[in-house]
Each structure stands twice: as structure tokens, then as C-alpha cells.
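Chemist: Below is the file data_35.tsv, which contains TSV, C-alpha atoms.
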```
chain	number	residue	atom	x	y	z
A	1	MET	CA	0.00	0.00	0.00
A	2	THR	CA	1.37	3.43	-0.92
A	3	ALA	CA	1.46	6.35	1.51
A	4	TYR	CA	-1.35	7.99	-0.46
A	5	GLU	CA	-3.52	4.88	-0.25
A	6	LEU	CA	-2.85	4.56	3.47
A	7	MET	CA	-3.71	8.21	4.04
A	8	ILE	CA	-6.97	7.96	2.09
A	9	LYS	CA	-8.08	4.67	3.64
A	10	THR	CA	-7.30	5.90	7.16
A	11	ASN	CA	-9.23	9.13	6.59
A	12	HIS	CA	-12.21	7.32	5.12
A	13	TYR	CA	-12.28	4.80	7.96
A	14	LEU	CA	-12.27	7.53	10.60
A	15	ILE	CA	-14.88	9.68	8.82
A	16	LYS	CA	-17.19	6.66	8.74
A	17	GLY	CA	-16.82	6.34	12.51
A	18	GLY	CA	-14.10	3.74	12.79
A	19	ASP	CA	-11.81	3.41	15.81
A	20	LEU	CA	-8.12	2.55	15.74
A	21	THR	CA	-6.10	0.87	18.44
A	22	ALA	CA	-2.91	2.41	19.79
A	23	ALA	CA	-0.93	-0.24	17.91
A	24	GLN	CA	-2.68	0.57	14.65
A	25	LYS	CA	-1.97	4.28	15.09
A	26	GLU	CA	1.68	3.57	15.80
A	27	ASN	CA	1.90	1.46	12.67
A	28	ILE	CA	0.35	4.18	10.52
A	29	VAL	CA	2.72	6.79	11.96
A	30	ARG	CA	5.70	4.54	11.31
A	31	GLN	CA	4.70	3.96	7.68
A	32	LEU	CA	3.99	7.62	6.97
A	33	ILE	CA	7.13	8.97	8.64
A	34	ALA	CA	9.14	6.57	6.48
A	35	VAL	CA	8.01	8.21	3.22
A	36	GLN	CA	9.42	11.68	3.91
A	37	SER	CA	10.95	12.95	0.71
A	38	ASP	CA	14.67	13.35	0.34
A	39	GLU	CA	16.26	16.56	-0.92
A	40	ARG	CA	16.76	15.22	-4.44
A	41	THR	CA	13.07	14.37	-4.75
A	42	LYS	CA	12.08	17.80	-3.47
A	43	GLN	CA	14.31	19.68	-5.88
A	44	SER	CA	13.14	17.55	-8.79
A	45	PHE	CA	9.53	18.31	-7.87
A	46	TYR	CA	10.13	22.06	-7.45
A	47	LYS	CA	11.85	22.17	-10.81
A	48	GLY	CA	9.01	20.25	-12.42
A	49	VAL	CA	6.35	22.64	-11.15
A	50	LYS	CA	8.53	25.54	-12.27
A	51	TYR	CA	8.98	27.11	-8.84
A	52	PRO	CA	12.69	26.59	-8.12
A	53	GLY	CA	13.44	26.93	-4.46
A	54	ASN	CA	9.77	26.35	-3.60
A	55	ALA	CA	8.97	30.06	-3.84
A	56	ASP	CA	5.76	31.71	-4.93
A	57	LYS	CA	5.45	34.02	-7.93
A	58	ASN	CA	6.93	36.91	-5.97
A	59	GLY	CA	9.94	34.87	-4.96
A	60	THR	CA	8.86	34.57	-1.35
A	61	GLY	CA	6.95	32.03	0.68
A	62	HIS	CA	6.54	28.32	0.14
A	63	MET	CA	3.77	27.24	-2.18
A	64	TYR	CA	4.54	23.54	-2.15
A	65	PRO	CA	5.27	20.78	0.40
A	66	MET	CA	8.47	20.69	2.42
A	67	TYR	CA	8.28	17.14	3.79
A	68	PHE	CA	6.04	14.87	1.75
A	69	ILE	CA	6.18	15.10	-2.03
A	70	PRO	CA	3.62	12.98	-3.90
A	71	PRO	CA	4.97	10.51	-6.47
A	72	TYR	CA	5.78	12.67	-9.47
A	73	ASN	CA	5.26	10.19	-12.29
A	74	ASP	CA	3.68	11.15	-15.59
A	75	ASN	CA	2.36	14.37	-14.03
A	76	LYS	CA	-0.28	12.36	-12.14
A	77	LYS	CA	-2.34	14.18	-9.55
A	78	HIS	CA	-4.19	12.48	-6.71
A	79	GLN	CA	-7.77	12.96	-5.57
A	80	THR	CA	-8.51	14.65	-2.28
A	81	VAL	CA	-10.13	12.90	0.72
A	82	ILE	CA	-13.59	14.05	-0.34
A	83	PRO	CA	-13.03	13.42	-4.01
A	84	MET	CA	-11.93	16.39	-6.05
A	85	SER	CA	-9.66	15.62	-8.99
A	86	PRO	CA	-6.87	18.23	-9.02
A	87	LYS	CA	-5.65	19.77	-12.21
A	88	THR	CA	-2.71	21.48	-10.51
A	89	HIS	CA	0.01	20.49	-8.07
A	90	ILE	CA	-1.04	23.39	-5.85
A	91	LEU	CA	-4.06	21.33	-4.83
A	92	SER	CA	-2.70	17.82	-5.33
A	93	ALA	CA	0.67	18.19	-3.61
A	94	ASN	CA	-0.59	20.29	-0.71
A	95	SER	CA	-3.47	17.91	-0.11
A	96	TYR	CA	-1.01	15.01	-0.05
A	97	GLU	CA	1.32	16.62	2.48
A	98	LEU	CA	-1.24	18.31	4.72
A	99	GLU	CA	-3.39	15.20	5.04
A	100	ILE	CA	-0.35	13.08	5.95
A	101	ILE	CA	0.95	15.56	8.53
A	102	ARG	CA	-2.58	15.92	9.90
A	103	LEU	CA	-2.72	12.18	10.60
A	104	LEU	CA	0.74	12.20	12.12
A	105	PHE	CA	-0.26	15.03	14.44
A	106	TRP	CA	-3.57	13.36	15.26
A	107	PHE	CA	-1.89	10.09	16.24
A	108	ALA	CA	1.49	11.26	17.62
A	109	PRO	CA	1.27	14.95	18.58
A	110	GLU	CA	4.07	14.78	21.14
A	111	THR	CA	6.62	13.15	18.85
A	112	PRO	CA	9.39	15.75	18.37
A	113	ASP	CA	9.71	15.28	14.60
A	114	VAL	CA	5.93	15.51	14.16
A	115	LYS	CA	5.68	18.63	16.34
A	116	ASP	CA	8.49	20.27	14.39
A	117	MET	CA	7.09	19.56	10.93
A	118	THR	CA	3.61	20.62	12.05
A	119	GLN	CA	4.79	23.97	13.36
A	120	LYS	CA	6.96	24.63	10.31
A	121	THR	CA	4.11	23.68	8.00
A	122	LEU	CA	1.74	26.07	9.79
A	123	ALA	CA	4.37	28.79	9.38
A	124	ARG	CA	4.71	27.89	5.68
A	125	LEU	CA	0.97	28.11	5.11
A	126	LYS	CA	0.89	31.64	6.53
A	127	THR	CA	3.19	32.71	3.70
A	128	THR	CA	0.95	31.34	0.95
A	129	CYS	CA	-1.70	33.09	-1.09
A	130	TYR	CA	-4.16	30.23	-0.68
A	131	GLY	CA	-3.52	29.59	3.01
A	132	TYR	CA	-3.62	33.12	4.36
A	133	ASN	CA	-3.99	35.79	1.71
A	134	ASP	CA	-7.47	35.21	0.28
A	135	CYS	CA	-6.52	33.96	-3.17
A	136	ALA	CA	-9.53	32.51	-4.98
A	137	VAL	CA	-7.83	32.06	-8.34
A	138	GLY	CA	-8.21	28.57	-9.79
A	139	GLU	CA	-7.43	25.75	-7.39
A	140	CYS	CA	-6.02	28.08	-4.74
A	141	PHE	CA	-9.66	28.33	-3.61
A	142	HIS	CA	-9.90	24.57	-3.13
A	143	THR	CA	-6.49	24.38	-1.49
A	144	ALA	CA	-7.68	26.87	1.13
A	145	LEU	CA	-10.16	24.21	2.26
A	146	ILE	CA	-7.34	21.69	2.66
A	147	VAL	CA	-5.65	24.26	4.90
A	148	LEU	CA	-8.88	24.80	6.85
A	149	ARG	CA	-9.17	21.08	7.62
A	150	PHE	CA	-5.50	21.00	8.61
A	151	LEU	CA	-6.11	23.84	11.07
A	152	ALA	CA	-9.06	21.99	12.59
A	153	ALA	CA	-6.63	19.28	13.73
A	154	THR	CA	-3.37	21.15	14.31
A	155	ALA	CA	-4.39	24.69	15.35
A	156	PRO	CA	-8.02	24.56	16.57
A	157	ASP	CA	-7.39	27.46	18.98
A	158	ASP	CA	-6.35	29.84	16.19
A	159	ALA	CA	-9.85	31.28	15.83
A	160	GLU	CA	-8.62	34.30	13.88
A	161	TRP	CA	-7.07	32.20	11.12
A	162	ILE	CA	-9.97	29.74	10.98
A	163	ASN	CA	-12.56	32.53	10.85
A	164	LYS	CA	-10.54	34.22	8.13
A	165	LEU	CA	-10.75	31.10	5.95
A	166	ILE	CA	-14.44	30.59	6.69
A	167	ALA	CA	-15.17	34.20	5.69
A	168	PHE	CA	-13.07	33.73	2.55
A	169	PHE	CA	-15.02	30.62	1.60
A	170	LYS	CA	-18.37	32.33	2.18
A	171	ARG	CA	-17.38	35.23	-0.07
A	172	HIS	CA	-16.53	33.02	-3.02
A	173	ILE	CA	-18.49	29.77	-2.84
A	174	ASP	CA	-21.56	30.91	-4.79
A	175	GLU	CA	-19.38	32.22	-7.58
A	176	LYS	CA	-17.40	28.96	-7.65
A	177	LEU	CA	-20.45	26.71	-7.62
A	178	ALA	CA	-21.86	28.66	-10.56
A	179	LEU	CA	-18.79	27.54	-12.52
A	180	ARG	CA	-19.23	23.81	-11.95
A	181	GLY	CA	-18.58	21.97	-15.17
A	182	LYS	CA	-16.16	24.69	-16.25
A	183	GLY	CA	-13.12	23.40	-14.42
A	184	VAL	CA	-14.47	23.91	-10.90
A	185	HIS	CA	-14.86	20.84	-8.69
A	186	GLY	CA	-18.44	20.00	-7.82
A	187	ASN	CA	-17.50	18.41	-4.49
A	188	VAL	CA	-15.92	21.55	-3.07
A	189	LEU	CA	-19.01	22.21	-0.92
A	190	TRP	CA	-18.91	18.64	0.42
A	191	TYR	CA	-15.29	19.18	1.44
A	192	TYR	CA	-16.34	22.33	3.28
A	193	TRP	CA	-18.99	20.33	5.11
A	194	LEU	CA	-16.27	17.86	6.10
A	195	CYS	CA	-14.35	20.79	7.58
A	196	LEU	CA	-17.45	21.90	9.49
A	197	SER	CA	-17.73	18.41	11.00
A	198	GLU	CA	-14.24	18.77	12.51
A	199	LEU	CA	-13.73	22.45	13.36
A	200	PRO	CA	-14.34	23.68	16.93
A	201	LEU	CA	-18.12	23.83	17.33
A	202	LYS	CA	-18.14	27.47	18.42
A	203	LEU	CA	-16.58	28.37	15.07
A	204	ALA	CA	-18.55	25.94	12.90
A	205	GLU	CA	-22.04	25.91	14.38
A	206	GLN	CA	-23.36	28.97	12.57
A	207	GLU	CA	-22.23	27.54	9.23
A	208	VAL	CA	-23.75	24.14	9.98
A	209	GLN	CA	-27.02	25.92	10.78
A	210	ARG	CA	-26.76	27.86	7.52
A	211	TYR	CA	-26.39	24.66	5.51
A	212	LYS	CA	-28.71	22.50	7.64
A	213	ASP	CA	-31.56	22.23	5.13
A	214	ARG	CA	-29.19	21.57	2.26
A	215	ILE	CA	-27.41	18.82	4.18
A	216	ILE	CA	-30.71	17.22	5.17
A	217	ASN	CA	-31.75	17.27	1.53
A	218	GLN	CA	-28.53	15.51	0.53
A	219	LEU	CA	-28.94	12.90	3.26
A	220	SER	CA	-32.48	12.24	2.06
A	221	ARG	CA	-31.37	11.49	-1.48
A	222	SER	CA	-30.08	8.10	-2.55
A	223	SER	CA	-26.75	7.66	-4.32
A	224	VAL	CA	-25.70	5.30	-7.08
A	225	MET	CA	-23.25	2.51	-6.31
A	226	ASN	CA	-22.41	1.55	-9.88
A	227	ASN	CA	-18.65	1.14	-9.65
A	228	GLU	CA	-15.76	0.85	-7.20
A	229	ASN	CA	-15.32	4.63	-6.93
A	230	ASP	CA	-18.98	5.03	-5.99
A	231	LYS	CA	-18.69	2.27	-3.41
A	232	ILE	CA	-15.60	3.87	-1.87
A	233	ASN	CA	-16.54	7.55	-1.97
A	234	HIS	CA	-20.30	7.85	-1.58
A	235	PRO	CA	-20.51	6.28	1.92
A	236	VAL	CA	-17.67	8.55	3.06
A	237	MET	CA	-19.37	11.65	1.69
A	238	ILE	CA	-22.64	10.77	3.39
A	239	CYS	CA	-20.89	10.09	6.70
A	240	ALA	CA	-19.00	13.40	6.46
A	241	ILE	CA	-22.19	15.43	6.17
A	242	ARG	CA	-23.90	13.22	8.77
A	243	ASN	CA	-21.08	14.15	11.15
A	244	ALA	CA	-21.58	17.85	10.41
A	245	LEU	CA	-25.33	17.80	10.95
A	246	ALA	CA	-25.01	15.65	14.10
A	247	ARG	CA	-23.22	18.55	15.80
A	248	LEU	CA	-26.58	20.31	16.14
A	249	PRO	CA	-28.29	19.12	19.34
A	250	GLU	CA	-31.56	18.26	17.60
A	251	TYR	CA	-29.73	15.96	15.19
A	252	SER	CA	-27.16	14.46	17.54
A	253	TYR	CA	-28.92	11.08	17.32
A	254	ILE	CA	-27.93	10.58	13.68
A	255	LYS	CA	-24.25	10.19	14.61
A	256	SER	CA	-25.03	6.55	15.42
A	257	LEU	CA	-26.82	5.93	12.11
A	258	SER	CA	-25.06	4.61	9.02
A	259	PRO	CA	-25.76	4.68	5.29
A	260	TYR	CA	-26.89	1.40	3.82
A	261	VAL	CA	-27.37	-0.20	0.44
A	262	SER	CA	-30.99	-1.06	-0.28
A	263	ASP	CA	-31.66	-4.60	-1.49
A	264	LYS	CA	-34.51	-3.18	-3.58
A	265	ASP	CA	-32.66	-0.67	-5.76
A	266	GLY	CA	-28.96	-1.24	-5.02
A	267	ARG	CA	-28.54	2.45	-4.14
A	268	LEU	CA	-27.03	4.01	-1.05
A	269	HIS	CA	-29.58	5.42	1.42
A	270	PHE	CA	-29.51	7.21	4.76
A	271	ASP	CA	-32.59	7.14	6.97
A	272	ILE	CA	-32.53	10.31	9.04
A	273	SER	CA	-35.81	9.59	10.83
A	274	LYS	CA	-35.39	6.19	12.43
A	275	ASN	CA	-32.81	3.47	12.83
A	276	LEU	CA	-34.26	0.55	10.88
A	277	PRO	CA	-32.22	-2.63	10.39
A	278	LYS	CA	-29.66	-1.84	7.73
A	279	ARG	CA	-26.84	-3.43	5.82
A	280	ILE	CA	-24.04	-1.05	6.79
A	281	VAL	CA	-21.53	0.01	4.14
```
Kindly return the structure encoded in the file as C-alpha cells.
Modeler:
Amino acid sequence: MTAYELMIKTNHYLIKGGDLTAAQKENIVRQLIAVQSDERTKQSFYKGVKYPGNADKNGTGHMYPMYFIPPYNDNKKHQTVIPMSPKTHILSANSYELEIIRLLFWFAPETPDVKDMTQKTLARLKTTCYGYNDCAVGECFHTALIVLRFLAATAPDDAEWINKLIAFFKRHIDEKLALRGKGVHGNVLWYYWLCLSELPLKLAEQEVQRYKDRIINQLSRSSVMNNENDKINHPVMICAIRNALARLPEYSYIKSLSPYVSDKDGRLHFDISKNLPKRIV
């Protein structure tokens, strides 16, 4: 299993409500730490994305990863946890690194190497246009959401930074959704809902309330399960928005409910009203 596959499978398992033992967490940390990129790989990547020295367009800051470089073969870019298919390395490479470091911090926050890379990565992100300077151009908008989820785990007390990114998202989301099908990822709103399921409640609750009816509508709709991607991603997406809605007291009961595949139509369903016997996905 590659580091990317391990990162995705671990994220999906946790979003769906899975628990990991201490031994399992230690094993994941060991495997992920082992794939830190060497200097030659980093420089090759920076040269390939045409930002020598890992600088932004103004020659300052760090636009790309410092520790974990995704496999750079045939210009391939990897999907995000809630599936968006990146067209740029801004989104793909940052998603790869931030999601790996997020897991490392989640499972081993007191490990010196993990603490160091987390703090240096937070400092890096504050120099970027997408992480701190309200850049909504292209996939910088989507990458800001990757940063927001990273903050939920690694800097939940930095309310100023988190609120800054939430306000940025609110300013631009309608414009971005209007461009779906024109190079803008349709699942960007779902990724935001994932963030809302993990951010400190005092910072996320107003946004969950704002999207409550829309989330309920999505939970009430069935999803196709026609291929392996559907079977992998659709249950995770439903569980992510379930987790967001369950943060509201009146919907806290749904945290224990799971999506299921109906024997009648073969589609994925979520029953928000009552916990009938289900075949859990």
C-alpha cells in the first residue's frame, strides 16, 4: 500500500466512525514517517512545477510541500479525501502533504519530529496566497479548504485564522459553484462540510445551521453505487455530512446511524428519521 492509499483509507475509515487501536496508530505513523521525501526528490519536484526553491510568484513564501512530495510520475495528480480531482500540483501536492501531517499530528502529537514539521508547516501556510492571503484564483480556492481542515486538527485554537478562511469561503463559494462543469470541482461544498464536521463547534455551528436544510436534503437522497469509486466515496461523503449535521443538538442522534445499500434498488440510502435494520456500508 502506498502512503497515499494509506492516508486515504485511514481518513475514510475515521470519517465513517471507525476506531483505531494504539498499535494501529503507531503502525500508521511509522509507515507515513518513512516516506518523507529526500532533498533530491524535493528539488526535482520544485523544478518540475517551475517554482525553483519552492517560492511563490513573488519569490517569497513556500507554495509547495516541504516534507512529503507525492509521487511525481507522468504528471499524475491524486484525488482529495472528499473526491476532487486536481488539475494542478497546488491542490494535489498540498493535499497530499497536509493530510499526511494531519494524521501524524492526530496520532502522535508529542513526537518531536511531528511537532516540528507541524509547526513549520503552519508557518509555511501563513506565507501562501491560498492559506492566508485570500486567493480565490483557480485551485487556490480549493487548497484553502485543505488548509482549513489541517487547522481543525493542528491549530483549533487559532480562531482568527480559521474565521478568516471561513469568511473567505463564504465570499466566493456561490461564484465557484456557478462555474461547476467549467473546471471547478463539484465536491468543493462537500469538502467544506467535512471541515465543518471537525472544526471547533463554536466556530462551525453557525455555518452548519446555515447549511442545515441543504445537508438534510442531501442525506435524504439516494446515491448510485455503480462502480468501485462510488462504493468507496459515496458512503464517506454521506458520513461526512452526517457528522456535520449531528453537531446540532436536535440531530445528535444521527451520529449513530449509518448509510446502507438497499436490497430493492442497489442504491445508497440514509434514513434520518429512524434506525431501521440496515446493511451497513
Chemist: Select, from A:Pro112, A:Gly131, A:Gly266, A:Gly17, the residue with the minimum atom-to-atom distance to Ala240 in chain A, counting only C-alpha atoms.
Modeler: A:Gly17
Chemist: Return the single residue from A:Asn233, A:Ser273, A:Asn163, A:Thr2 that is closest to Tyr251 in chain A, with distances computed using only C-alpha atoms.
Modeler: A:Ser273
Chemist: For Gln79 in chain A, list every protein, DNA or RNA residue within 9 Å, evaluated using all atoms listed in the file, and leave out those in the same chain fewer than 5 positions away; present the list as a list of chain:residue names.
Modeler: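 So the residues in contact are A:Met84, A:Ser85, A:Pro86, A:Ser92, A:Ser95, A:Tyr96.
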Chemist: Using only C-alpha atoms, what residues lie at most 12 Å away from (12.6, 14.4, -5.9) (file coordinates), given as an MDAnalysis selection string?
Modeler: chainID A and resid 35:49 65:73
Chemist: If you count all atoms listed in the file, which residues fall within 10 Å of Ser252 in chain A, apart from same-chain ones fewer than 6 positions away, as a list in words?
Modeler: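 These residues fall inside the cut-off: Arg242, Asn243, Ala244, Leu245 and Ala246 of chain A.
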Chemist: With 10 Å as the cut-off and all atoms listed in the file counted, what is the closest atom pair between each nearby residue of range 73-181 of chain A and range 194-199 of chain A? Distances in Å to one decimal, ordered by chain and number, as a Markdown table.
Modeler:
```
| residue | atom | partner | partner_atom | distance |
| --- | --- | --- | --- | --- |
| A:Val81 | CA | A:Leu194 | CA | 9.6 |
| A:Ile82 | CA | A:Leu194 | CA | 7.9 |
| A:Leu145 | CA | A:Cys195 | CA | 7.6 |
| A:Ile146 | CA | A:Cys195 | CA | 8.6 |
| A:Val147 | CA | A:Cys195 | CA | 9.7 |
| A:Leu148 | CA | A:Cys195 | CA | 6.8 |
| A:Arg149 | CA | A:Cys195 | CA | 5.2 |
| A:Phe150 | CA | A:Cys195 | CA | 8.9 |
| A:Leu151 | CA | A:Leu199 | CA | 8.1 |
| A:Ala152 | CA | A:Leu199 | CA | 4.8 |
| A:Ala153 | CA | A:Glu198 | CA | 7.7 |
| A:Ala155 | CA | A:Leu199 | CA | 9.8 |
| A:Pro156 | CA | A:Leu199 | CA | 6.9 |
| A:Asp157 | CA | A:Leu199 | CA | 9.8 |
| A:Ala159 | CA | A:Leu199 | CA | 10.0 |
| A:Ile162 | CA | A:Leu199 | CA | 8.5 |
| A:Ile166 | CA | A:Leu196 | CA | 9.6 |
```
Chemist: Taking C-alpha atoms for each residue, export the selection above as a short mmCIF file (atom, residue, chain, number, x, y, z; two decimals), keeping the file's coordinate frame.
Modeler:
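out_34.cif, freshly written:
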```cif
data_model
loop_
_atom_site.label_atom_id
_atom_site.label_comp_id
_atom_site.auth_asym_id
_atom_site.auth_seq_id
_atom_site.Cartn_x
_atom_site.Cartn_y
_atom_site.Cartn_z
CA VAL A 81 -10.13 12.90 0.72
CA ILE A 82 -13.59 14.05 -0.34
CA LEU A 145 -10.16 24.21 2.26
CA ILE A 146 -7.34 21.69 2.66
CA VAL A 147 -5.65 24.26 4.90
CA LEU A 148 -8.88 24.80 6.85
CA ARG A 149 -9.17 21.08 7.62
CA PHE A 150 -5.50 21.00 8.61
CA LEU A 151 -6.11 23.84 11.07
CA ALA A 152 -9.06 21.99 12.59
CA ALA A 153 -6.63 19.28 13.73
CA ALA A 155 -4.39 24.69 15.35
CA PRO A 156 -8.02 24.56 16.57
CA ASP A 157 -7.39 27.46 18.98
CA ALA A 159 -9.85 31.28 15.83
CA ILE A 162 -9.97 29.74 10.98
CA ILE A 166 -14.44 30.59 6.69
#
```
Chemist: Could you give me, as CSV, every range 52-146 of chain A residue with an atom at most 10 Å from range 176-180 of chain A, plus its closest atom pair and distance in Å to one decimal, counting all atoms listed in the file, rows ordered by chain then number?
Modeler:
```
residue,atom,partner,partner_atom,distance
A:Ala136,CA,A:Lys176,CA,9.0
A:Gly138,CA,A:Lys176,CA,9.4
A:Phe141,CA,A:Lys176,CA,8.8
A:His142,CA,A:Lys176,CA,9.8
```
Chemist: List as a list in words the protein and nucleic acid residues near Lys115 in chain A, meaning an atom at most 12 Å away when only C-alpha atoms are counted, but skip any in the same chain fewer than 3 places from it.
Modeler: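 After dropping sequence-adjacent residues, the list is Ile101, Arg102, Leu104, Phe105, Trp106, Phe107, Ala108, Pro109, Glu110, Thr111, Pro112, Thr118, Gln119, Lys120, Thr121, Leu122, Thr154 and Ala155 of chain A.
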Chemist: What does the distance between CA of Gln218 in chain A and CA of Phe270 in chain A come to in Å, to one decimal place?
Modeler: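 Between CA of Gln218 in chain A and CA of Phe270 in chain A the gap works out to 9.4 Å.
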Chemist: Nearest residue to Gln31 in chain A out of A:Asn227, A:Tyr13, A:Leu6, A:Val137, using only C-alpha atoms?
Modeler: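 So, comparing all the options, the nearest one is A:Leu6.
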Chemist: Pick from A:Ala123, A:Cys140, A:Val114, A:Ile232: nearest to His89 in chain A, with all atoms listed in the file counted?
Modeler: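 Under the stated criterion, the closest residue is A:Cys140.
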Chemist: CA of Thr143 in chain A and CA of His78 in chain A are how many Å apart?
Modeler: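 Between CA of Thr143 in chain A and CA of His78 in chain A the gap works out to 13.2 Å.
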Chemist: Report the centre and edge lengths, in Å to one decimal, of an axis-aligned box enclosing every atom of range 232-240 of chain A listed in the file, padded by 4 Å on each side, as lines of an AutoDock Vina configuration file.
Modeler:
```
center_x = -19.1
center_y = 8.6
center_z = 2.4
size_x = 15.0
size_y = 17.5
size_z = 16.7
```
Chemist: What is the distance between CA of Asp19 in chain A and CA of Glu205 in chain A, in Å to one decimal?
Modeler: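 Computing the Euclidean distance for CA of Asp19 in chain A and CA of Glu205 in chain A yields 24.8 Å.
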